[in-house]
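Peer 1: Data: model-v6.pdb, PDB, C-alpha atoms.
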```pdb
ATOM      1  CA  MET A1133      55.321   7.461 -46.109
ATOM      2  CA  LYS A1134      53.166  10.358 -45.394
ATOM      3  CA  ILE A1135      50.010   8.414 -46.160
ATOM      4  CA  ILE A1136      50.942   5.558 -43.810
ATOM      5  CA  ASN A1137      51.675   7.965 -40.963
ATOM      6  CA  LEU A1138      48.356   9.685 -41.530
ATOM      7  CA  LEU A1139      46.520   6.348 -41.376
ATOM      8  CA  LYS A1140      48.355   5.421 -38.213
ATOM      9  CA  LYS A1141      47.402   8.713 -36.707
ATOM     10  CA  LYS A1142      43.738   8.107 -37.505
ATOM     11  CA  ASN A1143      43.929   4.610 -36.013
ATOM     12  CA  ASP A1144      45.647   6.011 -32.922
ATOM     13  CA  THR A1145      42.948   8.631 -32.605
ATOM     14  CA  PHE A1146      40.216   6.015 -33.078
ATOM     15  CA  ASN A1147      41.845   3.773 -30.482
ATOM     16  CA  ASN A1148      41.922   6.649 -28.016
ATOM     17  CA  ILE A1149      38.216   7.322 -28.545
ATOM     18  CA  LYS A1150      37.174   3.686 -28.158
ATOM     19  CA  PRO A1151      37.640   3.569 -24.358
ATOM     20  CA  PHE A1152      35.705   6.826 -24.103
ATOM     21  CA  ASN A1153      32.802   5.267 -26.044
ATOM     22  CA  MET A1154      32.870   2.215 -23.757
ATOM     23  CA  LEU A1155      32.873   4.461 -20.693
ATOM     24  CA  ALA A1156      29.950   6.500 -22.037
ATOM     25  CA  SER A1157      28.051   3.323 -22.910
ATOM     26  CA  ASN A1158      28.624   1.842 -19.437
ATOM     27  CA  SER A1159      27.604   5.127 -17.805
ATOM     28  CA  LYS A1160      24.357   5.135 -19.775
ATOM     29  CA  LYS A1161      23.638   1.555 -18.700
ATOM     30  CA  LEU A1162      24.397   2.372 -15.073
ATOM     31  CA  LEU A1163      22.219   5.475 -15.226
ATOM     32  CA  PHE A1164      19.368   3.436 -16.733
ATOM     33  CA  VAL A1165      19.616   0.760 -14.013
ATOM     34  CA  CYS A1166      19.658   3.430 -11.285
ATOM     35  CA  PHE A1167      16.581   5.059 -12.832
ATOM     36  CA  ILE A1168      14.674   1.753 -12.894
ATOM     37  CA  ILE A1169      15.539   0.988  -9.267
ATOM     38  CA  PHE A1170      14.640   4.504  -8.120
ATOM     39  CA  SER A1171      11.333   4.636 -10.007
ATOM     40  CA  SER A1172      10.253   1.193  -8.812
ATOM     41  CA  SER A1173      11.027   2.081  -5.200
ATOM     42  CA  ILE A1174       8.849   5.175  -5.435
ATOM     43  CA  SER A1175       5.870   3.398  -6.966
ATOM     44  CA  ALA A1176       6.193   0.404  -4.648
ATOM     45  CA  GLN A1177       6.360   2.362  -1.422
ATOM     46  CA  TYR A1178       3.151   0.773  -0.120
ATOM     47  CA  TYR A1179       0.960  -1.995  -1.493
ATOM     48  CA  THR A1180      -2.578  -3.181  -0.805
ATOM     49  CA  GLY A1181      -2.603  -5.575   2.132
ATOM     50  CA  GLN A1182       0.594  -4.225   3.657
ATOM     51  CA  LYS A1183       0.600  -4.202   7.459
ATOM     52  CA  VAL A1184       1.985  -0.667   7.791
ATOM     53  CA  PHE A1185       1.363  -0.481  11.552
ATOM     54  CA  ALA A1186       2.580  -3.931  12.584
ATOM     55  CA  ASN A1187       4.514  -2.228  15.396
ATOM     56  CA  LYS A1188       1.312  -0.666  16.815
ATOM     57  CA  PHE A1189      -1.153  -3.530  16.205
ATOM     58  CA  LEU A1190       1.103  -6.279  17.494
ATOM     59  CA  VAL A1191      -0.673  -9.589  16.943
ATOM     60  CA  GLU A1192      -3.288  -9.956  14.250
ATOM     61  CA  ILE A1193      -6.117 -12.402  14.900
ATOM     62  CA  SER A1194      -8.000 -14.520  12.392
ATOM     63  CA  ASP A1195      -9.985 -17.708  12.816
ATOM     64  CA  SER A1196      -9.251 -20.205  10.039
ATOM     65  CA  SER A1197     -12.307 -22.264  11.065
ATOM     66  CA  GLN A1198     -14.568 -19.302  10.227
ATOM     67  CA  ASP A1199     -15.341 -18.721   6.526
ATOM     68  CA  THR A1200     -16.047 -15.048   7.183
ATOM     69  CA  TYR A1201     -14.699 -11.795   5.832
ATOM     70  CA  ILE A1202     -14.913  -8.029   5.649
ATOM     71  CA  GLN A1203     -14.123  -6.739   2.176
ATOM     72  CA  ILE A1204     -13.215  -3.107   1.590
ATOM     73  CA  ASN A1205     -13.653  -1.710  -1.921
ATOM     74  CA  ASN A1206     -11.706   1.530  -1.882
ATOM     75  CA  SER A1207     -12.373   4.555  -4.071
ATOM     76  CA  ASP A1208     -10.103   7.530  -4.729
ATOM     77  CA  GLY A1209      -7.269   7.922  -2.244
ATOM     78  CA  ASP A1210      -5.186   5.414  -0.321
ATOM     79  CA  ILE A1211      -6.528   4.391   3.089
ATOM     80  CA  ILE A1212      -5.599   2.299   6.106
ATOM     81  CA  VAL A1213      -8.391   0.171   7.576
ATOM     82  CA  ALA A1214      -8.303  -1.391  11.046
ATOM     83  CA  VAL A1215     -10.900  -3.976  12.138
ATOM     84  CA  GLU A1216     -11.713  -3.532  15.836
ATOM     85  CA  GLN A1217     -13.446  -6.081  18.054
ATOM     86  CA  LEU A1218     -15.943  -4.154  20.169
ATOM     87  CA  SER A1219     -15.882  -6.435  23.229
ATOM     88  CA  SER A1220     -12.127  -6.038  23.714
ATOM     89  CA  GLY A1221     -11.602  -2.708  21.959
ATOM     90  CA  ARG A1222      -8.677  -4.365  20.193
ATOM     91  CA  VAL A1223      -7.706  -4.151  16.522
ATOM     92  CA  ILE A1224      -7.618  -7.724  15.207
ATOM     93  CA  GLN A1225      -6.482  -6.976  11.632
ATOM     94  CA  HIS A1226      -5.407  -3.958   9.602
ATOM     95  CA  ALA A1227      -4.221  -3.228   6.086
ATOM     96  CA  TYR A1228      -3.147  -0.490   3.722
ATOM     97  CA  ILE A1229      -5.453  -0.278   0.682
ATOM     98  CA  LYS A1230      -4.390   1.614  -2.411
ATOM     99  CA  SER A1231      -6.719   3.921  -4.293
ATOM    100  CA  ASN A1232      -9.371   2.091  -6.363
ATOM    101  CA  ASP A1233      -8.283  -1.294  -4.997
ATOM    102  CA  SER A1234      -9.971  -3.915  -2.788
ATOM    103  CA  TYR A1235      -8.853  -5.927   0.211
ATOM    104  CA  LYS A1236     -10.534  -8.790   2.049
ATOM    105  CA  PHE A1237      -9.963  -9.386   5.768
ATOM    106  CA  ASP A1238     -10.459 -13.164   6.037
ATOM    107  CA  GLY A1239     -11.203 -15.392   9.018
ATOM    108  CA  ILE A1240     -13.074 -12.833  11.099
ATOM    109  CA  PRO A1241     -13.691 -14.548  14.455
ATOM    110  CA  VAL A1242     -17.003 -14.765  16.294
ATOM    111  CA  GLY A1243     -17.877 -11.355  17.698
ATOM    112  CA  VAL A1244     -18.988  -7.837  16.889
ATOM    113  CA  PHE A1245     -16.676  -5.544  14.908
ATOM    114  CA  VAL A1246     -16.350  -2.055  13.453
ATOM    115  CA  CYS A1247     -13.883  -0.649  10.949
ATOM    116  CA  LYS A1248     -11.679   2.338  11.644
ATOM    117  CA  TYR A1249     -10.171   4.374   8.819
ATOM    118  CA  MET A1250      -7.131   6.593   8.422
ATOM    119  CA  TRP A1251      -6.254   8.639   5.365
ATOM    120  CA  THR A1252      -4.355  11.753   4.381
ATOM    121  CA  ASP A1253      -5.974  14.485   2.299
ATOM    122  CA  ARG A1254      -4.347  16.505  -0.497
ATOM    123  CA  ASN A1255      -3.072  19.063   2.017
ATOM    124  CA  GLY A1256      -1.288  16.412   4.093
ATOM    125  CA  ASN A1257      -3.842  16.428   6.933
ATOM    126  CA  LYS A1258      -4.546  13.052   8.531
ATOM    127  CA  HIS A1259      -8.154  12.017   9.113
ATOM    128  CA  PHE A1260      -9.511   9.283  11.403
ATOM    129  CA  ASN A1261     -13.031   7.812  11.348
ATOM    130  CA  LYS A1262     -14.930   4.878  12.794
ATOM    131  CA  ASP A1263     -18.101   3.181  11.552
ATOM    132  CA  ASP A1264     -21.250   3.981  13.534
ATOM    133  CA  LYS A1265     -22.759   0.553  12.766
ATOM    134  CA  SER A1266     -21.230  -2.725  13.859
ATOM    135  CA  MET A1267     -20.916  -6.052  12.034
ATOM    136  CA  LYS A1268     -21.818  -9.245  13.889
ATOM    137  CA  PHE A1269     -20.243 -12.624  13.105
ATOM    138  CA  ASN A1270     -21.753 -15.804  14.564
ATOM    139  CA  ALA A1271     -20.228 -19.270  14.999
ATOM    140  CA  ASN A1272     -20.200 -21.481  11.886
ATOM    141  CA  GLU A1273     -21.237 -18.544   9.741
ATOM    142  CA  VAL A1274     -20.290 -18.295   6.081
ATOM    143  CA  GLY A1275     -19.992 -14.961   4.298
ATOM    144  CA  GLY A1276     -19.343 -11.456   5.374
ATOM    145  CA  TYR A1277     -19.706  -7.775   4.730
ATOM    146  CA  VAL A1278     -18.629  -5.645   1.772
ATOM    147  CA  ILE A1279     -17.937  -1.981   2.427
ATOM    148  CA  THR A1280     -17.597   0.185  -0.653
ATOM    149  CA  MET A1281     -15.870   3.478   0.020
ATOM    150  CA  GLU A1282     -17.583   6.288  -1.889
ATOM    151  CA  LYS A1283     -17.756   9.976  -1.246
ATOM    152  CA  SER A1284     -21.431  10.673  -0.664
ATOM    153  CA  VAL A1285     -23.676  12.936   1.344
ATOM    154  CA  SER A1286     -26.092  10.215   2.423
ATOM    155  CA  GLY A1287     -24.624   6.715   2.330
ATOM    156  CA  ASN A1288     -26.006   3.742   4.239
ATOM    157  CA  LEU A1289     -22.997   3.503   6.574
ATOM    158  CA  THR A1290     -22.277   6.539   8.682
ATOM    159  CA  GLN A1291     -18.999   7.274  10.384
ATOM    160  CA  SER A1292     -17.835   9.428  13.246
ATOM    161  CA  GLY A1293     -14.559  11.275  13.541
ATOM    162  CA  ILE A1294     -12.116   9.847  16.094
ATOM    163  CA  SER A1295      -8.712  10.941  17.347
ATOM    164  CA  GLU A1296      -5.414   9.444  16.293
ATOM    165  CA  ASP A1297      -5.133   7.869  19.756
ATOM    166  CA  ASP A1298      -8.573   6.248  19.306
ATOM    167  CA  PHE A1299      -7.471   4.838  15.954
ATOM    168  CA  PHE A1300      -4.409   3.150  17.473
ATOM    169  CA  ASP A1301      -6.057   1.998  20.737
TER     170      ASP A1301
END
```
For the structure just supplied, provide its representation as structure tokens.

Peer 2:
Amino acid sequence: MKIINLLKKKNDTFNNIKPFNMLASNSKKLLFVCFIIFSSSISAQYYTGQKVFANKFLVEISDSSQDTYIQINNSDGDIIVAVEQLSSGRVIQHAYIKSNDSYKFDGIPVGVFVCKYMWTDRNGNKHFNKDDKSMKFNANEVGGYVITMEKSVSGNLTQSGISEDDFFD
């Protein structure tokens, strides 16, 4: 009789632990799912091509009849590029471009354009620049311009500092 009671006690004890094991297992699964969601939301905060200032640059313009483009090959550091039409002073397209990534602004209409750039340095300071040279696109033109962002002392495309207001105008 003693042996049977002892076995029952062990089974009772095991049965009491079983729900605890299920709870711990479910908690681990829930914690893992929360970790995956949290980590993916951090890494996917912005993506190349994202229109991060859609509320400031209201309507983007492209001309599907023009086979023209401006391609930006970015280097170290994320950047926001805005393509401005000189005749109107209006940004026609803009995009966020991740570090070491490329983005192509397609369907650039007939006109003369410059690129404006915004980035944040390691200290959290925002910087704004504008190309000193313009890019001209003619009717029925095919092709475009490729701008490769590299830190250099004497590149072939110079830029001037602009204010934040100039970047968004």

Peer 1: Could you check the closest approach to Thr1280 of chain A for each of A:Thr1180, A:Asn1206, A:Ser1194, A:Asn1187 and tell me which residue wins, using only C-alpha atoms?

Peer 2: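 Counting only C-alpha atoms, the residue closest to Thr1280 of chain A is A:Asn1206.
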
Peer 1: I need the output of the PyMOL selection byres ((chain A and resi 1290-1299) around 6) for this file as a list in words; which residues are they?

Peer 2: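 For this structure, the PyMOL selection byres ((chain A and resi 1290-1299) around 6) resolves to Phe1260, Asn1261, Lys1262, Asp1263, Asp1264, Leu1289, Phe1300 and Asp1301 of chain A.
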
Peer 1: Quote the spacing between atom CA of Phe1269 of chain A and atom CA of Phe1189 of chain A in Å to one decimal place.

Peer 2: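 Taking atom CA of Phe1269 of chain A as the start and atom CA of Phe1189 of chain A as the end point, the length is 21.4 Å.
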
Peer 1: Pick out the residues sitting within 8 Å of segment 1230-1238 of chain A, and hand them over as a CSV table (one decimal) with C-alpha atoms, in the frame of the given file; count all atoms listed in the file, and ignore anything fewer than 4 positions along from it in its own chain.

Peer 2:
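Saved result, result-v4.csv, follows:
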```csv
chain,number,residue,atom,x,y,z
A,1178,TYR,CA,3.2,0.8,-0.1
A,1179,TYR,CA,1.0,-2.0,-1.5
A,1180,THR,CA,-2.6,-3.2,-0.8
A,1181,GLY,CA,-2.6,-5.6,2.1
A,1194,SER,CA,-8.0,-14.5,12.4
A,1199,ASP,CA,-15.3,-18.7,6.5
A,1200,THR,CA,-16.0,-15.0,7.2
A,1201,TYR,CA,-14.7,-11.8,5.8
A,1202,ILE,CA,-14.9,-8.0,5.6
A,1203,GLN,CA,-14.1,-6.7,2.2
A,1204,ILE,CA,-13.2,-3.1,1.6
A,1205,ASN,CA,-13.7,-1.7,-1.9
A,1206,ASN,CA,-11.7,1.5,-1.9
A,1207,SER,CA,-12.4,4.6,-4.1
A,1208,ASP,CA,-10.1,7.5,-4.7
A,1209,GLY,CA,-7.3,7.9,-2.2
A,1210,ASP,CA,-5.2,5.4,-0.3
A,1211,ILE,CA,-6.5,4.4,3.1
A,1225,GLN,CA,-6.5,-7.0,11.6
```

Peer 1: Using all atoms listed in the file for the distances, tell me which of A:Arg1254, A:Leu1190, A:Pro1241, A:Cys1247 is nearest to Val1278 of chain A.

Peer 2: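 Checking each candidate against Val1278 of chain A, we get A:Cys1247 as the closest.
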
Peer 1: Have a look at A:Asn1255, A:Gln1198, A:Ser1219, A:Gln1182 and name the one nearest to Gly1276 of chain A; count all atoms listed in the file.

Peer 2: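 For Gly1276 of chain A, the nearest of the candidates is A:Gln1198.
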
Peer 1: Considering only C-alpha atoms, can you say which of A:Asn1270, A:Gln1177, A:Ser1196, A:Asn1257 comes closest to Gly1243 of chain A?

Peer 2: A:Asn1270

Peer 1: For a test of reading the model, state the distance in Å between atom CA of Val1246 of chain A and atom CA of Val1191 of chain A, rounded to one decimal.

Peer 2: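 Here the two named atoms are 17.7 Å from each other.
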
Peer 1: Which one of A:Val1274, A:Val1215, A:Ile1229, A:Val1223 sits closest to Lys1188 of chain A if you count only C-alpha atoms?

Peer 2: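 Between A:Val1274, A:Val1215, A:Ile1229, A:Val1223, the residue approaching Lys1188 of chain A most closely is A:Val1223.
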